[in-house]
Amino acid sequence: MVLRHCTKCGGKRRKGTTDFIKHMDKVTLRIRNVPVEVCGNCGEKFYSLKVARKIEEIVETYKEMMSKISPKETMAREIDFSAPGADEACA
Ligand SMILES: [Zn+2]
């Protein structure tokens, strides 16, 4: 099912890109250029299923990495959504 309008207010959505920021225990992840539809009325963001899955994948990858670094360590990562294998650069 493809929704054309905002589920919150019924406003019109428009396509764009955004930065998706995920704060985890030790890692702050910033994914740039994530395709998104934004409601022109209330600003609510909508991710497609495909995009949501990829975000999930990226987050999972970093969760795994996070378990390997020491508890005192923290890190911030910035990756580009469209870059293939972006998460491999941190291995
Ligand atoms: Zn709205």
# chains A, B, ... in the order shown; residues from 1 in each chain; ligands from 1
>>> select_by_dssp(residues="chain A", states="strand (DSSP E or B)", output="ChimeraX atom specification")
/A:5,12-23,27-39,45-46,75-80
>>> write_last_selection(atoms="N, CA and C atoms", output="compact mmCIF listing (two decimals), in the first residue's frame")
# COMPACT_ATOMS: atom_id res chain seq x y z
N HIS A 5 -0.65 10.64 1.22
CA HIS A 5 -0.83 11.78 2.11
C HIS A 5 -0.34 11.46 3.51
N LYS A 12 -0.01 17.12 2.13
CA LYS A 12 0.71 16.55 0.99
C LYS A 12 2.15 16.25 1.36
N ARG A 13 2.61 15.11 0.87
CA ARG A 13 4.01 14.76 1.09
C ARG A 13 4.85 15.17 -0.10
N ARG A 14 6.09 15.50 0.19
CA ARG A 14 7.01 15.72 -0.92
C ARG A 14 8.29 14.94 -0.66
N LYS A 15 8.92 14.55 -1.77
CA LYS A 15 10.12 13.73 -1.66
C LYS A 15 11.34 14.57 -1.36
N GLY A 16 12.22 13.98 -0.61
CA GLY A 16 13.46 14.67 -0.31
C GLY A 16 14.44 13.69 0.32
N THR A 17 15.48 14.24 0.90
CA THR A 17 16.41 13.40 1.64
C THR A 17 16.61 14.02 3.02
N THR A 18 17.03 13.17 3.93
CA THR A 18 17.24 13.65 5.28
C THR A 18 18.42 12.93 5.92
N ASP A 19 18.85 13.43 7.05
CA ASP A 19 19.85 12.71 7.84
C ASP A 19 19.11 11.91 8.90
N PHE A 20 19.40 10.64 8.95
CA PHE A 20 18.80 9.80 9.96
C PHE A 20 19.82 9.63 11.08
N ILE A 21 19.45 10.04 12.27
CA ILE A 21 20.39 9.96 13.39
C ILE A 21 19.88 8.98 14.43
N LYS A 22 20.74 8.04 14.76
CA LYS A 22 20.36 7.01 15.72
C LYS A 22 21.36 7.01 16.86
N HIS A 23 20.85 7.23 18.05
CA HIS A 23 21.72 7.20 19.23
C HIS A 23 21.63 5.83 19.88
N VAL A 27 27.42 4.38 20.41
CA VAL A 27 27.61 4.88 19.06
C VAL A 27 26.49 5.84 18.66
N THR A 28 26.90 6.92 18.09
CA THR A 28 25.93 7.79 17.46
C THR A 28 26.11 7.65 15.96
N LEU A 29 25.07 7.23 15.35
CA LEU A 29 25.13 6.92 13.93
C LEU A 29 24.37 7.99 13.16
N ARG A 30 25.04 8.53 12.16
CA ARG A 30 24.35 9.49 11.30
C ARG A 30 24.40 8.97 9.88
N ILE A 31 23.24 8.73 9.34
CA ILE A 31 23.16 8.24 7.97
C ILE A 31 22.67 9.40 7.11
N ARG A 32 23.50 9.77 6.17
CA ARG A 32 23.17 10.92 5.34
C ARG A 32 22.43 10.53 4.07
N ASN A 33 21.72 11.48 3.52
CA ASN A 33 21.03 11.30 2.23
C ASN A 33 20.04 10.14 2.21
N VAL A 34 19.31 10.01 3.29
CA VAL A 34 18.28 8.98 3.34
C VAL A 34 17.04 9.50 2.61
N PRO A 35 16.56 8.73 1.61
CA PRO A 35 15.36 9.16 0.90
C PRO A 35 14.16 9.16 1.84
N VAL A 36 13.41 10.21 1.79
CA VAL A 36 12.29 10.34 2.72
C VAL A 36 11.19 11.17 2.06
N GLU A 37 9.98 10.98 2.53
CA GLU A 37 8.90 11.87 2.12
C GLU A 37 8.48 12.67 3.34
N VAL A 38 8.40 13.95 3.15
CA VAL A 38 8.09 14.83 4.27
C VAL A 38 6.75 15.51 4.03
N CYS A 39 5.94 15.55 5.06
CA CYS A 39 4.66 16.24 4.96
C CYS A 39 4.91 17.74 4.92
N LYS A 45 7.88 12.74 8.93
CA LYS A 45 8.70 12.06 7.94
C LYS A 45 8.22 10.65 7.70
N PHE A 46 8.26 10.25 6.45
CA PHE A 46 7.85 8.90 6.08
C PHE A 46 8.95 8.20 5.31
N MET A 75 31.88 6.17 20.00
CA MET A 75 32.25 6.61 18.68
C MET A 75 31.06 7.22 17.95
N ALA A 76 31.39 8.00 16.97
CA ALA A 76 30.36 8.59 16.13
C ALA A 76 30.69 8.21 14.71
N ARG A 77 29.67 7.83 14.02
CA ARG A 77 29.88 7.39 12.64
C ARG A 77 28.94 8.16 11.72
N GLU A 78 29.50 8.53 10.61
CA GLU A 78 28.68 9.20 9.62
C GLU A 78 28.85 8.45 8.31
N ILE A 79 27.76 7.98 7.77
CA ILE A 79 27.85 7.25 6.51
C ILE A 79 26.81 7.76 5.54
N ASP A 80 27.06 7.47 4.30
CA ASP A 80 26.14 7.90 3.26
C ASP A 80 25.21 6.75 2.93
>>> residues_near_ligand(ligand="ligand 1", cutoff="6 Å", atoms="only C-alpha atoms and all ligand atoms", output="PyMOL selection string")
chain A and resi 6+8-11+39+41-44
>>> write_last_selection(atoms="N, CA and C atoms", output="short mmCIF file (atom, residue, chain, number, x, y, z; two decimals), in the first residue's frame")
data_model
loop_
_atom_site.label_atom_id
_atom_site.label_comp_id
_atom_site.auth_asym_id
_atom_site.auth_seq_id
_atom_site.Cartn_x
_atom_site.Cartn_y
_atom_site.Cartn_z
N CYS A 6 -0.14 12.50 4.26
CA CYS A 6 0.32 12.37 5.63
C CYS A 6 -0.74 11.63 6.46
N LYS A 8 -0.90 11.72 9.58
CA LYS A 8 -1.21 12.52 10.77
C LYS A 8 -2.23 13.60 10.49
N CYS A 9 -1.99 14.34 9.40
CA CYS A 9 -2.83 15.50 9.16
C CYS A 9 -3.46 15.49 7.77
N GLY A 10 -3.07 14.53 6.93
CA GLY A 10 -3.64 14.48 5.58
C GLY A 10 -2.98 15.44 4.61
N GLY A 11 -1.93 16.08 5.04
CA GLY A 11 -1.22 17.03 4.18
C GLY A 11 -0.48 16.33 3.06
N CYS A 39 5.94 15.55 5.06
CA CYS A 39 4.66 16.24 4.96
C CYS A 39 4.91 17.74 4.92
N ASN A 41 2.89 19.97 5.47
CA ASN A 41 2.06 20.65 6.45
C ASN A 41 2.61 20.54 7.88
N CYS A 42 2.83 19.31 8.33
CA CYS A 42 3.26 19.14 9.74
C CYS A 42 4.71 18.70 9.88
N GLY A 43 5.35 18.34 8.75
CA GLY A 43 6.76 17.99 8.81
C GLY A 43 7.03 16.55 9.20
N GLU A 44 6.00 15.75 9.33
CA GLU A 44 6.18 14.33 9.65
C GLU A 44 6.97 13.65 8.54
#
>>> atom_distance(atom1="atom CA of A:Arg4", atom2="atom CA of A:Ile55")
21.8 Å
>>> select_by_dssp(residues="chain A", states="alpha helix (DSSP H)", output="mmCIF file with C-alpha atoms, in the first residue's frame")
data_model
loop_
_atom_site.group_PDB
_atom_site.id
_atom_site.type_symbol
_atom_site.label_atom_id
_atom_site.label_comp_id
_atom_site.auth_asym_id
_atom_site.auth_seq_id
_atom_site.Cartn_x
_atom_site.Cartn_y
_atom_site.Cartn_z
ATOM 1 C CA LEU A 49 9.730 0.006 3.631
ATOM 2 C CA LYS A 50 12.820 -0.543 1.544
ATOM 3 C CA VAL A 51 14.569 2.427 3.113
ATOM 4 C CA ALA A 52 13.464 1.426 6.611
ATOM 5 C CA ARG A 53 14.908 -2.044 6.100
ATOM 6 C CA LYS A 54 18.226 -0.697 4.926
ATOM 7 C CA ILE A 55 18.401 1.618 7.920
ATOM 8 C CA GLU A 56 17.688 -1.361 10.140
ATOM 9 C CA GLU A 57 20.460 -3.328 8.458
ATOM 10 C CA ILE A 58 22.933 -0.538 8.963
ATOM 11 C CA VAL A 59 21.909 -0.145 12.599
ATOM 12 C CA GLU A 60 22.261 -3.888 13.191
ATOM 13 C CA THR A 61 25.748 -3.836 11.710
ATOM 14 C CA TYR A 62 26.755 -1.102 14.114
ATOM 15 C CA LYS A 63 25.162 -2.833 17.077
ATOM 16 C CA GLU A 64 27.417 -5.779 16.376
ATOM 17 C CA MET A 65 30.453 -3.547 16.093
ATOM 18 C CA MET A 66 29.470 -1.813 19.290
#
>>> decode(residues="stretch 38-60 of chain A", atoms="N, CA and C atoms", output="short mmCIF file (atom, residue, chain, number, x, y, z; two decimals), in the first residue's frame")
data_model
loop_
_atom_site.label_atom_id
_atom_site.label_comp_id
_atom_site.auth_asym_id
_atom_site.auth_seq_id
_atom_site.Cartn_x
_atom_site.Cartn_y
_atom_site.Cartn_z
N VAL A 38 8.40 13.95 3.15
CA VAL A 38 8.09 14.83 4.27
C VAL A 38 6.75 15.51 4.03
N CYS A 39 5.94 15.55 5.06
CA CYS A 39 4.66 16.24 4.96
C CYS A 39 4.91 17.74 4.92
N GLY A 40 4.36 18.38 3.91
CA GLY A 40 4.55 19.81 3.76
C GLY A 40 3.79 20.61 4.79
N ASN A 41 2.89 19.97 5.47
CA ASN A 41 2.06 20.65 6.45
C ASN A 41 2.61 20.54 7.88
N CYS A 42 2.83 19.31 8.33
CA CYS A 42 3.26 19.14 9.74
C CYS A 42 4.71 18.70 9.88
N GLY A 43 5.35 18.34 8.75
CA GLY A 43 6.76 17.99 8.81
C GLY A 43 7.03 16.55 9.20
N GLU A 44 6.00 15.75 9.33
CA GLU A 44 6.18 14.33 9.65
C GLU A 44 6.97 13.65 8.54
N LYS A 45 7.88 12.74 8.93
CA LYS A 45 8.70 12.06 7.94
C LYS A 45 8.22 10.65 7.70
N PHE A 46 8.26 10.25 6.45
CA PHE A 46 7.85 8.90 6.08
C PHE A 46 8.95 8.20 5.31
N TYR A 47 9.33 7.05 5.81
CA TYR A 47 10.33 6.26 5.11
C TYR A 47 9.64 5.11 4.41
N SER A 48 10.10 4.79 3.21
CA SER A 48 9.55 3.62 2.52
C SER A 48 10.06 2.37 3.23
N LEU A 49 9.37 1.27 2.99
CA LEU A 49 9.73 0.01 3.63
C LEU A 49 11.16 -0.39 3.29
N LYS A 50 11.49 -0.20 2.02
CA LYS A 50 12.82 -0.54 1.54
C LYS A 50 13.89 0.26 2.29
N VAL A 51 13.63 1.54 2.43
CA VAL A 51 14.57 2.43 3.11
C VAL A 51 14.65 2.06 4.59
N ALA A 52 13.49 1.79 5.19
CA ALA A 52 13.46 1.43 6.61
C ALA A 52 14.27 0.16 6.87
N ARG A 53 14.16 -0.79 5.95
CA ARG A 53 14.91 -2.04 6.10
C ARG A 53 16.40 -1.82 6.01
N LYS A 54 16.80 -0.96 5.08
CA LYS A 54 18.23 -0.70 4.93
C LYS A 54 18.77 0.02 6.17
N ILE A 55 17.99 0.93 6.69
CA ILE A 55 18.40 1.62 7.92
C ILE A 55 18.58 0.59 9.04
N GLU A 56 17.62 -0.31 9.13
CA GLU A 56 17.69 -1.36 10.14
C GLU A 56 18.96 -2.20 9.99
N GLU A 57 19.26 -2.55 8.74
CA GLU A 57 20.46 -3.33 8.46
C GLU A 57 21.71 -2.60 8.93
N ILE A 58 21.77 -1.34 8.59
CA ILE A 58 22.93 -0.54 8.96
C ILE A 58 23.04 -0.47 10.48
N VAL A 59 21.92 -0.24 11.14
CA VAL A 59 21.91 -0.15 12.60
C VAL A 59 22.36 -1.46 13.23
N GLU A 60 21.87 -2.57 12.68
CA GLU A 60 22.26 -3.89 13.19
C GLU A 60 23.76 -4.10 13.08
#
